[in-house]
>>> print(open('query_28.csv').read())   # CSV, C-alpha atoms
chain,number,residue,atom,x,y,z
Z,1,MET,CA,-0.1,27.3,6.5
Z,2,ASP,CA,-0.3,25.2,3.3
Z,3,ALA,CA,1.4,27.9,1.2
Z,4,GLY,CA,4.0,25.2,0.5
Z,5,LEU,CA,1.8,22.8,-1.4
Z,6,THR,CA,1.6,23.0,-5.2
Z,7,PRO,CA,-1.7,21.9,-6.7
Z,8,ALA,CA,-0.1,18.7,-7.9
Z,9,GLU,CA,1.2,17.9,-4.4
Z,10,SER,CA,-2.1,18.7,-2.8
Z,11,ARG,CA,-3.8,16.3,-5.3
Z,12,GLU,CA,-1.2,13.7,-4.4
Z,13,LEU,CA,-1.9,14.3,-0.7
Z,14,ASP,CA,-5.7,14.0,-1.3
Z,15,GLN,CA,-5.2,10.7,-3.1
Z,16,ARG,CA,-3.0,9.2,-0.4
Z,17,LEU,CA,-5.5,10.3,2.3
Z,18,GLN,CA,-8.3,8.7,0.4
Z,19,LYS,CA,-6.4,5.5,-0.1
Z,20,ARG,CA,-5.7,5.4,3.6
Z,21,GLN,CA,-9.4,6.0,4.3
Z,22,VAL,CA,-10.4,3.2,2.1
Z,23,LYS,CA,-7.9,0.9,3.8
Z,24,GLU,CA,-9.1,2.0,7.2
Z,25,PHE,CA,-12.7,1.3,6.2
Z,26,MET,CA,-11.8,-2.2,5.0
Z,27,ASN,CA,-10.2,-2.8,8.3
Z,28,VAL,CA,-13.3,-1.7,10.2
Z,29,PHE,CA,-15.4,-3.9,7.9
Z,30,GLY,CA,-13.2,-6.9,8.3
Z,31,ASN,CA,-13.2,-6.6,12.1
Z,32,LEU,CA,-17.0,-6.2,12.1
Z,33,VAL,CA,-17.4,-9.5,10.2
Z,34,ASP,CA,-14.9,-11.2,12.5
Z,35,ASN,CA,-16.7,-10.1,15.7
Z,36,CYS,CA,-20.2,-10.9,14.5
Z,37,PHE,CA,-19.1,-14.2,13.1
Z,38,SER,CA,-17.3,-15.2,16.4
Z,39,ALA,CA,-20.3,-14.1,18.4
Z,40,CYS,CA,-23.1,-15.6,16.3
Z,41,VAL,CA,-21.9,-18.7,14.5
Z,42,ASP,CA,-21.1,-21.9,16.4
Z,43,ASP,CA,-22.6,-24.8,14.5
Z,44,PHE,CA,-20.5,-26.1,11.6
Z,45,THR,CA,-22.5,-29.2,10.8
Z,46,SER,CA,-24.0,-27.4,7.8
Z,47,LYS,CA,-22.8,-25.1,5.0
Z,48,ALA,CA,-25.5,-22.5,5.2
Z,49,LEU,CA,-26.2,-20.0,7.9
Z,50,SER,CA,-29.3,-20.9,9.9
Z,51,GLY,CA,-32.2,-18.5,10.4
Z,52,ARG,CA,-31.0,-17.8,13.9
Z,53,GLU,CA,-27.5,-17.1,12.8
Z,54,ASN,CA,-28.7,-14.8,10.1
Z,55,GLY,CA,-30.8,-12.8,12.5
Z,56,CYS,CA,-28.0,-12.7,15.0
Z,57,ILE,CA,-25.5,-11.3,12.5
Z,58,ALA,CA,-27.9,-8.7,11.2
Z,59,ARG,CA,-28.6,-7.5,14.7
Z,60,CYS,CA,-24.9,-7.6,15.5
Z,61,VAL,CA,-24.1,-5.3,12.6
Z,62,VAL,CA,-26.8,-2.8,13.5
Z,63,LYS,CA,-25.6,-2.7,17.1
Z,64,SER,CA,-21.9,-2.3,16.2
Z,65,MET,CA,-22.7,0.5,13.8
Z,66,SER,CA,-24.9,2.3,16.4
Z,67,THR,CA,-22.2,1.9,19.0
Z,68,GLN,CA,-19.6,3.4,16.6
Z,69,THR,CA,-21.8,6.3,15.9
Z,70,ARG,CA,-22.5,7.0,19.6
Z,71,LEU,CA,-18.8,6.7,20.4
Z,72,GLY,CA,-18.0,9.2,17.7
Z,73,GLU,CA,-20.6,11.6,19.0
Z,74,ARG,CA,-19.3,11.3,22.6
Z,75,PHE,CA,-15.7,11.7,21.5
Z,76,GLY,CA,-16.7,14.9,19.7
Z,77,GLU,CA,-18.5,16.2,22.7
Z,78,LEU,CA,-15.6,15.5,25.0
Z,79,ASN,CA,-13.2,17.0,22.5
Z,80,ALA,CA,-15.2,20.2,22.2
Z,81,ALA,CA,-15.4,20.5,26.0
Z,82,MET,CA,-11.7,20.1,26.3
Z,83,THR,CA,-11.0,22.7,23.6
Z,84,ALA,CA,-13.4,25.2,25.2
Z,85,GLU,CA,-11.7,24.6,28.6
Z,86,MET,CA,-8.3,25.2,27.0
Z,87,GLN,CA,-9.5,28.4,25.4
Z,88,ARG,CA,-10.8,29.7,28.6
Z,89,ARG,CA,-7.4,29.5,30.1
C,90,MET,CA,-4.7,10.8,-22.4
C,91,ASP,CA,-7.7,12.9,-21.5
C,92,SER,CA,-8.6,13.4,-17.9
C,93,GLU,CA,-11.7,11.2,-18.1
C,94,SER,CA,-9.8,8.1,-19.1
C,95,VAL,CA,-7.1,8.9,-16.6
C,96,LYS,CA,-9.7,9.0,-13.9
C,97,LYS,CA,-11.2,5.7,-15.0
C,98,ALA,CA,-7.8,4.1,-15.0
C,99,VAL,CA,-7.1,5.3,-11.5
C,100,ILE,CA,-10.5,4.1,-10.2
C,101,LYS,CA,-10.0,0.7,-11.8
C,102,GLN,CA,-6.5,0.5,-10.3
C,103,VAL,CA,-7.7,1.4,-6.8
C,104,LEU,CA,-10.6,-1.1,-7.1
C,105,ILE,CA,-8.2,-3.9,-8.1
C,106,GLU,CA,-5.9,-3.1,-5.3
C,107,SER,CA,-8.6,-2.8,-2.7
C,108,ASN,CA,-10.2,-6.1,-3.9
C,109,THR,CA,-6.8,-7.9,-3.6
C,110,ALA,CA,-6.3,-6.5,-0.2
C,111,ASN,CA,-9.9,-7.4,0.6
C,112,ALA,CA,-9.4,-11.0,-0.5
C,113,ARG,CA,-6.2,-11.3,1.4
C,114,GLN,CA,-7.7,-10.0,4.6
C,115,LEU,CA,-10.8,-12.2,4.1
C,116,ILE,CA,-8.7,-15.3,3.8
C,117,GLU,CA,-6.6,-14.4,6.8
C,118,LYS,CA,-9.7,-13.9,8.9
C,119,ILE,CA,-11.2,-17.2,7.7
C,120,ASN,CA,-8.0,-19.0,8.6
C,121,GLU,CA,-7.9,-17.6,12.1
C,122,ASN,CA,-11.5,-18.1,12.9
C,123,CYS,CA,-12.0,-21.5,11.4
C,124,PHE,CA,-8.8,-22.9,12.9
C,125,GLU,CA,-9.9,-21.7,16.3
C,126,LYS,CA,-13.4,-23.1,15.9
C,127,CYS,CA,-12.7,-26.3,14.2
C,128,ILE,CA,-9.4,-27.6,15.5
C,129,PRO,CA,-9.6,-27.4,19.3
C,130,LYS,CA,-6.8,-29.9,19.8
C,131,PRO,CA,-4.3,-30.0,17.0
C,132,GLY,CA,-3.1,-33.5,16.3
C,133,SER,CA,-0.5,-34.7,13.8
C,134,SER,CA,-2.9,-34.4,10.8
C,135,VAL,CA,-6.2,-32.9,9.9
C,136,SER,CA,-9.0,-35.4,10.4
C,137,ALA,CA,-11.9,-35.8,7.9
C,138,GLY,CA,-14.3,-34.3,10.5
C,139,GLU,CA,-12.0,-31.3,10.9
C,140,LYS,CA,-11.8,-30.9,7.2
C,141,ALA,CA,-15.6,-30.9,6.8
C,142,CYS,CA,-15.9,-28.4,9.7
C,143,ILE,CA,-13.4,-26.1,8.0
C,144,THR,CA,-15.3,-26.3,4.7
C,145,ASN,CA,-18.6,-25.5,6.4
C,146,CYS,CA,-16.9,-22.7,8.4
C,147,MET,CA,-15.5,-21.1,5.3
C,148,GLU,CA,-18.9,-21.2,3.6
C,149,LYS,CA,-20.5,-19.7,6.6
C,150,TYR,CA,-17.9,-17.0,7.0
C,151,MET,CA,-18.4,-15.9,3.4
C,152,ALA,CA,-22.1,-15.9,3.8
C,153,ALA,CA,-21.7,-13.8,6.9
C,154,TRP,CA,-19.4,-11.4,5.0
C,155,ASN,CA,-22.1,-11.0,2.3
C,156,LEU,CA,-24.7,-10.4,5.0
C,157,VAL,CA,-22.7,-7.8,6.7
C,158,ASN,CA,-22.1,-6.1,3.3
C,159,THR,CA,-25.8,-6.0,2.6
C,160,ALA,CA,-26.7,-4.7,6.0
C,161,TYR,CA,-24.0,-2.1,6.0
C,162,VAL,CA,-25.0,-0.7,2.6
C,163,ARG,CA,-28.6,-0.7,3.6
C,164,ARG,CA,-27.8,1.2,6.8
C,165,ILE,CA,-25.6,3.8,4.9
C,166,GLN,CA,-28.4,4.4,2.4
C,167,GLN,CA,-30.8,4.9,5.3
C,168,GLU,CA,-28.5,7.5,6.8
C,169,VAL,CA,-28.1,9.3,3.5
C,170,ASN,CA,-31.9,9.4,3.1
C,171,ASN,CA,-32.3,10.7,6.6
C,172,ASN,CA,-29.8,13.4,6.1
C,173,SER,CA,-31.3,14.5,2.8
C,174,PHE,CA,-34.7,14.7,4.5
C,175,GLU,CA,-33.3,17.0,7.2
C,176,THR,CA,-31.6,19.4,4.7
>>> encode(input="query_28.csv", output="structure tokens")
Amino acid sequence: MDAGLTPAESRELDQRLQKRQVKEFMNVFGNLVDNCFSACVDDFTSKALSGRENGCIARCVVKSMSTQTRLGERFGELNAAMTAEMQRR
Amino acid sequence: MDSESVKKAVIKQVLIESNTANARQLIEKINENCFEKCIPKPGSSVSAGEKACITNCMEKYMAAWNLVNTAYVRRIQQEVNNNSFET
């Protein structure tokens, strides 16, 4: 299937995929901060995060990451089921 | 140029690019969030109170960014440790 790719081309492809992955990750990270900030921080009378806000953000991150993991698992499960179904036909 | 220095140059370049993109995205998010939170009713100019709010907001957002960074790294390390225990 990839008989067409020279080693140089396949290196180039890997590099581009990696760059895209990094970008994707930065997106996820940025959105994570955005969400948790919106949800947890409301008081702008001081410059520093309060203890409550600190705790809230830490919990928010853990929850978001756990959610993402679970969604990934579920997606994989459903995908596998769909593939098995298609193979049966 | 030997492959080691090429690799180092590429890594440095990628880091610079990702830091720039990072900074740009961070500023964009700060703008959005802090405008929304601090300027509920836009007038013809930014009042002193709104300026103070925006300053505090920016400080808090960056602190939050650092916090998320730390928590994220810690969680990833946990996962790596867990995985290496299982294998």
>>> atom_distance(input="query_28.csv", atom1="CA of Ala141 (chain C)", atom2="CA of Ala153 (chain C)")
18.2 Å
>>> closest_residue(input="query_28.csv", among="Z:Glu24, Z:Asp42, Z:Asp14, Z:Glu9", to="chain C", atoms="only C-alpha atoms")
Z:Asp42
>>> interface_residues(input="query_28.csv", of="chain Z", to="chain C", cutoff="10 Å", atoms="only C-alpha atoms", output="compact mmCIF listing (two decimals) with C-alpha atoms, in the frame of the given file")
# COMPACT_ATOMS: atom_id res chain seq x y z
CA LYS Z 19 -6.40 5.50 -0.10
CA VAL Z 22 -10.40 3.20 2.10
CA LYS Z 23 -7.90 0.90 3.80
CA MET Z 26 -11.80 -2.20 5.00
CA ASN Z 27 -10.20 -2.80 8.30
CA PHE Z 29 -15.40 -3.90 7.90
CA GLY Z 30 -13.20 -6.90 8.30
CA ASN Z 31 -13.20 -6.60 12.10
CA LEU Z 32 -17.00 -6.20 12.10
CA VAL Z 33 -17.40 -9.50 10.20
CA ASP Z 34 -14.90 -11.20 12.50
CA ASN Z 35 -16.70 -10.10 15.70
CA CYS Z 36 -20.20 -10.90 14.50
CA PHE Z 37 -19.10 -14.20 13.10
CA SER Z 38 -17.30 -15.20 16.40
CA CYS Z 40 -23.10 -15.60 16.30
CA VAL Z 41 -21.90 -18.70 14.50
CA ASP Z 42 -21.10 -21.90 16.40
CA ASP Z 43 -22.60 -24.80 14.50
CA PHE Z 44 -20.50 -26.10 11.60
CA THR Z 45 -22.50 -29.20 10.80
CA SER Z 46 -24.00 -27.40 7.80
CA LYS Z 47 -22.80 -25.10 5.00
CA ALA Z 48 -25.50 -22.50 5.20
CA LEU Z 49 -26.20 -20.00 7.90
CA SER Z 50 -29.30 -20.90 9.90
CA GLU Z 53 -27.50 -17.10 12.80
CA ASN Z 54 -28.70 -14.80 10.10
CA GLY Z 55 -30.80 -12.80 12.50
CA ILE Z 57 -25.50 -11.30 12.50
CA ALA Z 58 -27.90 -8.70 11.20
CA ARG Z 59 -28.60 -7.50 14.70
CA CYS Z 60 -24.90 -7.60 15.50
CA VAL Z 61 -24.10 -5.30 12.60
CA VAL Z 62 -26.80 -2.80 13.50
CA MET Z 65 -22.70 0.50 13.80
>>> atom_distance(input="query_28.csv", atom1="CA of Gln18 (chain Z)", atom2="CA of Ile105 (chain C)")
15.2 Å
>>> atom_distance(input="query_28.csv", atom1="CA of Ala137 (chain C)", atom2="CA of Phe124 (chain C)")
14.2 Å
